[in-house]
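A.B. asks: One structure is given below, represented as structure tokens, and several questions about it will come after.
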Amino acid sequence: MKLSLRQGNNILGAIGVLLGTVIVVLGYVQKLPFVKNGMPGPGFFPIICGIGIAIFSALLIVENKSKAKKALENQEKDNDLEENILDKAELKNFVYSIGSGILVIILAPLIGMITSIGIAVAIMIKVLGEDSLVKAIIIGAGTSLVLFLIFKVFLGVPLPNSYIGL
Amino acid sequence: MGNLFENLALGFSILQDPIVLLYSLAGVLAGVIIGALPGLGPSVGIAVLLPLTYGMDASSGLILLCGIYYGAMYGGSITAILINTPGDSAAIMTSLDGYQLTQKGQAGKALGMAAYASVIGGTISVVAFMILAPVISSYALAFGSSEYFALMILGLTSIAGMTGDSPSKGFLAVFTGLFISLIGLDLVTGAQRYVFGNVNLYSGIDFIPVAMGLFGIAEIISVNSGEDITIDKESIRIKNLFPNKQEWKDCSPHIGRGTVLGFFTGMLPGAGATIASFLSYSMAKKTSKRGDKFGTGLLEGVAAPESANNAASMGAMVPMLTLGVPGSGATAIMMGALMMLGITPGPSFFIKEAEVAWSLVASMYIGNIFLLLLGILGLPLFVRILKIKAPTLNAVVFAFILIGSYALENSLFTVGVTIFFGAVGYFLKKLKVPAAPTVLGIVLGYLTESNLRQALIIADGSFFGVIAKPITAVILIFAVLLSFGTPITEIIKRRIAKKPIVQ
Amino acid sequence: MIKKILTLSLIMMLLLVGCNSQDTPETPNTETPNTETPDTETGWVPTEDVEFIIPFSAGGGSDVFARKIVEVIQRNKLAPVNFIPTNKPGGSGVVGYTYLNGRGTDNEYVMATTSSSFYSQPLSGLSPLSLNDDFTYVSHLVKDPSLFAAGKHIGLNTLEEVIDYAKANPRVLKYGGTGNVSDDAILMYMINELTGIELVYVPYDSGAEVLAAVLGGHIDVCGISPSEGGEHLQTGNLVPLAVSADERLAILPDVPTFIESGYEINHQQSRGVVMNADVPEEVTKYYSDLFKKVSETQEWKTFTEENVMAESYMDYEEYVQFSSELAEQYQTFMEMIERNQ
């Protein structure tokens with residue numbers, strides 16, 4: 001899969017303009033007054049930020065175009081803008097890390113935060129690393145133990161309740 | 001002056017008790033550990049260990065809590081430098097150059113300088129605290145909403161140093177950060193802003209989970225599995241941990257300036273260590289000969305914010321103890337603890353509670369020494385963390401980030417926020433959008449707006465009334481000069497350069 | 001060698017700090033089915049640790065209040081189980097109460113503190129919970145009076161002087177308070193309505209900021225709780241004008257109450273304890289009696305005195321009644337605030 005930085009910039013710019021517009025629109029939808037009693041109201045700064053986001057995203061697209069044009073004109077060999085920003089290994093990283101994180105949030109109320117984090121750690125090590133399943137589970141369990149000691153015993157932080165009290 | 005030494009002697013005499021000494025050490029140690037844990041900063045550390053102080057006498061309790069405070073200021077830098085996951089908001093600036101140094105194999109030097117800067121900043125501040133605290137409280141009060149507004153604007157100008165190659169990306173990041181900080185219930189009218197009925201968003205989005213996601217998780221995802229960070233063995237031998245002459249020469253002015261800036265910023269109840277570290281970093285960048293190299297791994301970029309944040313923690317104690325006005329979240333909790341222990345801080349704190357006050361001052365000196373020892377001796381230990389293989393290290397750090405973000409408010413929602421910004425942060429990183437301006441926006445956005453609106457109400461709606469005050473005007477003019485000063489001087493230089501040719 | 005010393009000292013430190021912990025936190029056990037003992041002569045007693053929710057962050061008024069209760073219970077061994085204070089901040093208390101409400105199981109072992117936001121949030125439409133249906137009222141413990149004070153710099157020293165000045169100069173005096181539907185705001189709007197003056201409200205995020213602003217001369221008057229004013233009230237930096245309470249405060253014997261001065265203002269912040277709905281009466285009664293014992297200890301009396309709170313214990317039956325009266329009052333307050341904004 002290839003996505004060049006230049007293309008990425010354009011996509012980001014487009015998303016930014018969209019986001020900025022949505023913010024301004026939502027500001028009106030929520031009936032946040034722009035000005036109240038002659039002073040900036042609750043809607044003033046958020047809408048300005050929305051406008052700012054939209055403007056700079058548009059500028060980004062313009063900046064992007066001009067940089068690409070310059071690079072083409074100068075016939076630069078190592079053009080940063082054409083660098084591929086997608087990396088298969090990193091995307092795998094991404095899916096499994098974020099995925100485990102979401103898994104923890106779902107599982108924590110059921111089997112306890114510490115246990116679900118232990119599982120997440122084991123998953124990440126097994127899938128993203130080169131260690132065996134056994135080693136992954138050991139490290140996962142070890143992490144759980146350390147977290148338990150630090151947060152439950154040492155710091156006494158109450159962790160989300162679950163059916164097994166962890 | 002004689003009185004000062006008498007009081008100090010009184011303070012040190014209390015510290016001769018080994019148990020009290022142990023509390024100081026325990027506080028500093030606990031602070032460093034907690035500060036290092038991603039997401040947990042001094043506020044959480046103090047809040048969580050507060051119950052321990054219930055059985056103690058006031059002196060020991062205060063000494064313990066204070067130790068945690070400045071211990072955490074240093075502790076946050078450890079993970080910021082080693083794994084680009086700032087332990088707390090005050091360490092974010094440290095990670096900019098600190099992590100780059102680690103990638104260059106110079107983690108030891110970075111950690112060492114962080115320790116030195118923290119301790120030097122802390123110790124000088126203790127002296128300042130000792131001499132100034134009884135008399136300087138009026139300074140802290142001179143800042144009202146309009147002055148804070150000006151200070152926040154000054155803080156925002158430091159974005160100029162963070163944009164990197166693409167200004168539009170930098171500004172895009174800042175405005176996004178600013179917007180995020182405004183989500184929540186409006187202070188002035190109570191209106192729901194972009195909350196859509198979600199109770200968890202009423203108090204807005206805290207920037208610590210966002211920072212952990214943008215920096216920490218994004219980093220975890222993007223470190224290519226299999227690649228280990230190599231440590232230059234030389235850089236962790238104790239001999240080499242002492243910065244060499246050249247490094248001292250480069251860094252000392254920044255440490256000095258950072259300390260002064262940090263202490264006085266920390267004293268202001270509305271500002272704190274985070275803002276102090278931003279300002280210090282951006283001032284260091286402007287005043288250093290190698291300013292444009294900041295962000296690529298410069299020791300100065302570590303020294304400046306680290307000295308500032310430790311100095312700021314000392315500064316924050318001043319209004320808390322002498323006025324009963326806490327200078328930051330962490331000091332607010334400390335004050336609660338003091339009141340539970342039966343002590344009411346206030347103008348006569350140093351006189352009525354002389355024992356508690358001066359034993360605290362004495363403990364700060366000793367505590368900073370402990371901090372230095374811990375930092376230097378612990379260094380080989382800290383650095384060993386990097387030897388762990390990447391996937392394992394990433395997974396374990398991820399675990400700490402998850403639980404850290406939970407512990408902030410005992411809420412799974414916060415964990416969700418962290419993960420969300422981790423995902424977003426990864427893409428932003430790939431697209432080379434700098435993360436620091438976003439955090440800058442989040443930290444300063446809400447404060448800038450609320451101070452401005454408060455100031456406007458006080459000035460009956462007149463913006464001129466807000467800025468026409470001495471301190472406010474000075475700070476704002478300074479901010480304008482900082483932002484536009486360089487371009488203007490460039491233009492002037494060019495004009496001057498052109499003249500001889502014309503003649 | 002150094003590493004060994006380090007690791008050893010690390011372990012020592014952890015042990016020291018860990019062992020020193022007065023209330024050793026234990027895992028709140030959530031095993032179902034619950035282990036309630038059948039109704040015996042002695043009635044119900046808890047057999048598991050109790051989660052004591054504080055809907056605000058550490059260090060604040062609710063936090064200090066809650067932790068003191070826990071401390072008194074444990075010091076005097078008033079209960080056979082531990083009480084674990086748990087901060088659940090967010091949404092001015094709404095997050096904490098929603099958490100309390102959403103528990104489902106073991107309702108007998110979780111409770112929360114109340115303060116004014118307990119009433120103001122649902123009544124301003126910001127909470128999905130119903131004061132009537134979603135809570136069991138256990139005990140009322142203290143009333144936190146409000147103090148109307150002025151900064152030294154305005155040169156006005158009594159309530160009358162301030163009112164006269166304000167009448168002649170409407171919208172000139174700036175009044176600082178925390179938040180916008182808080183007791184501070186309520187106090188100001190009540191003062192405005194009942195005295196006919198126009199003070200302008202300046203909202204801040206915390207009592208500390210209000211204090212700093214008035215001491216620094218940035219605002220003129222404020223509404224705070226007397227304990228927040230601390231020493232400044234005695235030194236004259238902060239001039240107490242009138243107190244919203246049943247009677248004069250012991251620490252400020254020369255400061256009249258609003259009622260004495262001829263204005264029907266007596267709004268105080270109530271602090272008590274509630275539990276989820278669906279809690280059997282014997283359980284409520286147990287805790288109600290427990291808090292009665294707490295309020296009768298010497299430590300509690302000292303605490304309330306030092307923090308300038310009016311001791312005001314009410315058991316679960318009285319509290320329900322009082323609470324619904326309070327809710328009505330807050331309803332009128334919310335309407336008053338709406339009128340004025």
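Labels for the structure tokens follow display order: chains A, B, ..., residues from 1 in each chain, ligands from 1.
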For A:Ile102, list every protein, DNA or RNA residue within 8 Å, evaluated using only C-alpha atoms, and leave out those in the same chain fewer than 3 positions away; present the list as a PDB file with N, CA and C atoms, in the first residue's frame.

C.D. replies:
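Saved result, selection11.pdb, follows:
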```pdb
ATOM      1  N   ILE A  98      -3.970  -0.470  19.278  1.00  0.00           N
ATOM      2  CA  ILE A  98      -5.246   0.203  19.529  1.00  0.00           C
ATOM      3  C   ILE A  98      -6.315  -0.842  19.838  1.00  0.00           C
ATOM      4  N   GLY A  99      -6.261  -1.939  19.096  1.00  0.00           N
ATOM      5  CA  GLY A  99      -7.231  -3.002  19.336  1.00  0.00           C
ATOM      6  C   GLY A  99      -7.160  -3.520  20.763  1.00  0.00           C
ATOM      7  N   ILE A 105     -10.708  -1.804  27.544  1.00  0.00           N
ATOM      8  CA  ILE A 105     -11.850  -1.013  28.010  1.00  0.00           C
ATOM      9  C   ILE A 105     -13.099  -1.890  28.089  1.00  0.00           C
ATOM     10  N   ILE A 106     -13.235  -2.787  27.115  1.00  0.00           N
ATOM     11  CA  ILE A 106     -14.426  -3.635  27.120  1.00  0.00           C
ATOM     12  C   ILE A 106     -14.347  -4.673  28.224  1.00  0.00           C
TER      13      ILE A 106
ATOM     14  N   GLY B 416     -10.297   5.726  27.281  1.00  0.00           N
ATOM     15  CA  GLY B 416     -10.769   5.848  25.903  1.00  0.00           C
ATOM     16  C   GLY B 416     -10.188   7.066  25.216  1.00  0.00           C
ATOM     17  N   ILE B 419      -6.578   6.407  24.267  1.00  0.00           N
ATOM     18  CA  ILE B 419      -6.430   5.527  23.116  1.00  0.00           C
ATOM     19  C   ILE B 419      -6.814   6.252  21.826  1.00  0.00           C
TER      20      ILE B 419
END
```

A.B. asks: Counting only C-alpha atoms, which residues of chain B fall within 7 Å of chain A, and what is the closest atom pair for each with its distance in Å at one decimal, ordered by chain and rising number, as JSON lines?

C.D. replies:
```
{"residue": "B:Val48", "atom": "CA", "partner": "A:Leu155", "partner_atom": "CA", "distance": 6.1}
{"residue": "B:Leu49", "atom": "CA", "partner": "A:Leu155", "partner_atom": "CA", "distance": 6.6}
{"residue": "B:Ser168", "atom": "CA", "partner": "A:Phe56", "partner_atom": "CA", "distance": 5.3}
{"residue": "B:Lys169", "atom": "CA", "partner": "A:Leu60", "partner_atom": "CA", "distance": 6.6}
{"residue": "B:Phe171", "atom": "CA", "partner": "A:Phe56", "partner_atom": "CA", "distance": 6.6}
{"residue": "B:Leu172", "atom": "CA", "partner": "A:Ile53", "partner_atom": "CA", "distance": 5.4}
{"residue": "B:Phe175", "atom": "CA", "partner": "A:Cys49", "partner_atom": "CA", "distance": 5.4}
{"residue": "B:Thr176", "atom": "CA", "partner": "A:Ile53", "partner_atom": "CA", "distance": 6.5}
{"residue": "B:Leu178", "atom": "CA", "partner": "A:Cys49", "partner_atom": "CA", "distance": 6.8}
{"residue": "B:Phe179", "atom": "CA", "partner": "A:Cys49", "partner_atom": "CA", "distance": 5.6}
{"residue": "B:Leu182", "atom": "CA", "partner": "A:Pro46", "partner_atom": "CA", "distance": 6.6}
{"residue": "B:Asp186", "atom": "CA", "partner": "A:Pro42", "partner_atom": "CA", "distance": 6.3}
{"residue": "B:Ile221", "atom": "CA", "partner": "A:Phe94", "partner_atom": "CA", "distance": 5.4}
{"residue": "B:Ser222", "atom": "CA", "partner": "A:Glu90", "partner_atom": "CA", "distance": 5.8}
{"residue": "B:Asn224", "atom": "CA", "partner": "A:Glu90", "partner_atom": "CA", "distance": 6.4}
{"residue": "B:Ser225", "atom": "CA", "partner": "A:Gly129", "partner_atom": "CA", "distance": 6.9}
{"residue": "B:Pro391", "atom": "CA", "partner": "A:Gly129", "partner_atom": "CA", "distance": 5.3}
{"residue": "B:Thr392", "atom": "CA", "partner": "A:Ile125", "partner_atom": "CA", "distance": 5.7}
{"residue": "B:Ala395", "atom": "CA", "partner": "A:Val121", "partner_atom": "CA", "distance": 5.2}
{"residue": "B:Val396", "atom": "CA", "partner": "A:Val121", "partner_atom": "CA", "distance": 6.4}
{"residue": "B:Ala399", "atom": "CA", "partner": "A:Ile117", "partner_atom": "CA", "distance": 6.0}
{"residue": "B:Ala407", "atom": "CA", "partner": "A:Val157", "partner_atom": "CA", "distance": 6.7}
{"residue": "B:Leu412", "atom": "CA", "partner": "A:Ile105", "partner_atom": "CA", "distance": 6.5}
{"residue": "B:Ile419", "atom": "CA", "partner": "A:Ile98", "partner_atom": "CA", "distance": 6.5}
{"residue": "B:Ala423", "atom": "CA", "partner": "A:Ile98", "partner_atom": "CA", "distance": 6.8}
{"residue": "B:Lys430", "atom": "CA", "partner": "A:Ile85", "partner_atom": "CA", "distance": 6.1}
{"residue": "B:Leu431", "atom": "CA", "partner": "A:Leu5", "partner_atom": "CA", "distance": 6.5}
{"residue": "B:Gly461", "atom": "CA", "partner": "A:Met39", "partner_atom": "CA", "distance": 5.8}
```

A.B. asks: Mind pulling up the distance from atom CA of C:Ser227 to atom CA of C:Asn307?

C.D. replies: 5.3 Å

A.B. asks: DSSP on the backbone: which residues in stretch 9-144 of chain A end up as strand (DSSP E or B)? Give the answer as a ChimeraX atom specification.

C.D. replies: /A:35-36,39-40,84

A.B. asks: Find the residues near stretch 255-263 of chain C: any atom within 9 Å, counting only C-alpha atoms, skip ones fewer than 4 places away on the same chain, and give them as a ChimeraX atom specification.

C.D. replies: /C:158-160,191,194-195,240-249

A.B. asks: Store the residues picked out above, limited to C-alpha atoms, as a PDB file, in the first residue's frame.

C.D. replies:
```
ATOM      1  CA  THR C 158     -20.006  46.919  56.886  1.00  0.00           C
ATOM      2  CA  LEU C 159     -22.873  45.427  54.959  1.00  0.00           C
ATOM      3  CA  GLU C 160     -24.774  48.714  55.119  1.00  0.00           C
ATOM      4  CA  ILE C 191     -28.425  39.712  47.779  1.00  0.00           C
ATOM      5  CA  LEU C 194     -33.473  41.322  48.327  1.00  0.00           C
ATOM      6  CA  THR C 195     -31.462  44.521  48.744  1.00  0.00           C
ATOM      7  CA  PRO C 240     -16.294  40.030  56.490  1.00  0.00           C
ATOM      8  CA  LEU C 241     -19.582  41.806  55.876  1.00  0.00           C
ATOM      9  CA  ALA C 242     -22.323  39.336  56.696  1.00  0.00           C
ATOM     10  CA  VAL C 243     -22.737  35.633  57.103  1.00  0.00           C
ATOM     11  CA  SER C 244     -25.448  33.429  55.639  1.00  0.00           C
ATOM     12  CA  ALA C 245     -26.130  31.111  58.554  1.00  0.00           C
ATOM     13  CA  ASP C 246     -28.507  30.438  61.428  1.00  0.00           C
ATOM     14  CA  GLU C 247     -26.387  32.308  63.901  1.00  0.00           C
ATOM     15  CA  ARG C 248     -23.177  34.264  64.119  1.00  0.00           C
ATOM     16  CA  LEU C 249     -19.957  32.353  63.607  1.00  0.00           C
TER      17      LEU C 249
END
```

A.B. asks: I want to know what sits within 9 Å of C:Asp289, based on only C-alpha atoms, with residues of the same chain fewer than 3 positions away left out; could you give that as an MDAnalysis selection string?

C.D. replies: chainID C and resid 139 284:286 292:294 315:316

A.B. asks: Please report, as a PyMOL selection string, each residue of stretch 24-105 of chain B to which DSSP assigns helix (DSSP H, G or I) when run on this structure's backbone.

C.D. replies: chain B and resi 24-36+42-55+58-83+89-103

A.B. asks: Output C-alpha atoms for every residue in that selection, as an mmCIF file, in the first residue's frame.

C.D. replies:
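Saved as out.cif:
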```
data_model
loop_
_atom_site.group_PDB
_atom_site.id
_atom_site.type_symbol
_atom_site.label_atom_id
_atom_site.label_comp_id
_atom_site.auth_asym_id
_atom_site.auth_seq_id
_atom_site.Cartn_x
_atom_site.Cartn_y
_atom_site.Cartn_z
ATOM 1 C CA SER B 24 11.936 13.030 53.156
ATOM 2 C CA LEU B 25 13.710 10.282 51.277
ATOM 3 C CA ALA B 26 10.559 8.224 50.964
ATOM 4 C CA GLY B 27 8.692 11.228 49.623
ATOM 5 C CA VAL B 28 11.322 11.998 47.010
ATOM 6 C CA LEU B 29 11.584 8.372 45.979
ATOM 7 C CA ALA B 30 7.854 7.900 45.746
ATOM 8 C CA GLY B 31 7.634 11.150 43.819
ATOM 9 C CA VAL B 32 10.255 10.092 41.289
ATOM 10 C CA ILE B 33 8.562 6.740 40.711
ATOM 11 C CA ILE B 34 5.105 8.212 40.431
ATOM 12 C CA GLY B 35 6.311 11.051 38.273
ATOM 13 C CA ALA B 36 7.945 8.579 35.947
ATOM 14 C CA PRO B 42 2.585 15.299 41.288
ATOM 15 C CA SER B 43 -1.130 15.942 41.792
ATOM 16 C CA VAL B 44 -2.069 12.305 41.526
ATOM 17 C CA GLY B 45 0.925 11.276 43.604
ATOM 18 C CA ILE B 46 0.059 13.622 46.416
ATOM 19 C CA ALA B 47 -3.619 12.776 46.280
ATOM 20 C CA VAL B 48 -3.017 9.075 46.356
ATOM 21 C CA LEU B 49 -0.437 9.086 49.132
ATOM 22 C CA LEU B 50 -2.374 11.631 51.167
ATOM 23 C CA PRO B 51 -3.946 9.031 53.448
ATOM 24 C CA LEU B 52 -0.506 8.020 54.594
ATOM 25 C CA THR B 53 -0.082 11.358 56.299
ATOM 26 C CA TYR B 54 -3.078 11.025 58.542
ATOM 27 C CA GLY B 55 -1.221 9.503 61.425
ATOM 28 C CA ALA B 58 2.328 18.089 60.527
ATOM 29 C CA SER B 59 6.053 18.502 59.878
ATOM 30 C CA SER B 60 6.594 14.970 58.670
ATOM 31 C CA GLY B 61 3.423 14.986 56.632
ATOM 32 C CA LEU B 62 4.302 18.211 54.849
ATOM 33 C CA ILE B 63 7.882 17.065 54.291
ATOM 34 C CA LEU B 64 6.663 13.824 52.753
ATOM 35 C CA LEU B 65 4.171 15.507 50.437
ATOM 36 C CA CYS B 66 6.592 18.186 49.367
ATOM 37 C CA GLY B 67 9.200 15.554 48.590
ATOM 38 C CA ILE B 68 6.694 13.824 46.357
ATOM 39 C CA TYR B 69 6.071 17.126 44.615
ATOM 40 C CA TYR B 70 9.543 17.937 43.424
ATOM 41 C CA GLY B 71 10.453 14.265 43.095
ATOM 42 C CA ALA B 72 7.665 13.931 40.567
ATOM 43 C CA MET B 73 8.908 16.977 38.665
ATOM 44 C CA TYR B 74 12.166 15.179 38.049
ATOM 45 C CA GLY B 75 10.563 11.747 37.657
ATOM 46 C CA GLY B 76 8.447 12.861 34.737
ATOM 47 C CA SER B 77 11.573 13.583 32.776
ATOM 48 C CA ILE B 78 12.826 10.003 33.003
ATOM 49 C CA THR B 79 10.196 8.474 30.775
ATOM 50 C CA ALA B 80 9.988 11.630 28.721
ATOM 51 C CA ILE B 81 13.618 11.211 27.784
ATOM 52 C CA LEU B 82 13.791 7.441 27.494
ATOM 53 C CA ILE B 83 10.556 6.582 25.759
ATOM 54 C CA SER B 89 2.585 17.752 31.706
ATOM 55 C CA ALA B 90 5.617 19.552 33.063
ATOM 56 C CA ALA B 91 7.872 17.046 31.319
ATOM 57 C CA ILE B 92 6.446 17.477 27.829
ATOM 58 C CA MET B 93 9.033 20.053 26.817
ATOM 59 C CA THR B 94 11.774 17.839 28.173
ATOM 60 C CA SER B 95 10.780 15.078 25.794
ATOM 61 C CA LEU B 96 11.272 17.256 22.730
ATOM 62 C CA ASP B 97 15.032 17.224 22.966
ATOM 63 C CA GLY B 98 15.412 14.521 25.560
ATOM 64 C CA TYR B 99 14.037 11.757 23.400
ATOM 65 C CA GLN B 100 16.078 12.909 20.434
ATOM 66 C CA LEU B 101 19.166 12.564 22.585
ATOM 67 C CA THR B 102 18.143 9.043 23.469
ATOM 68 C CA GLN B 103 17.791 8.173 19.829
#
```
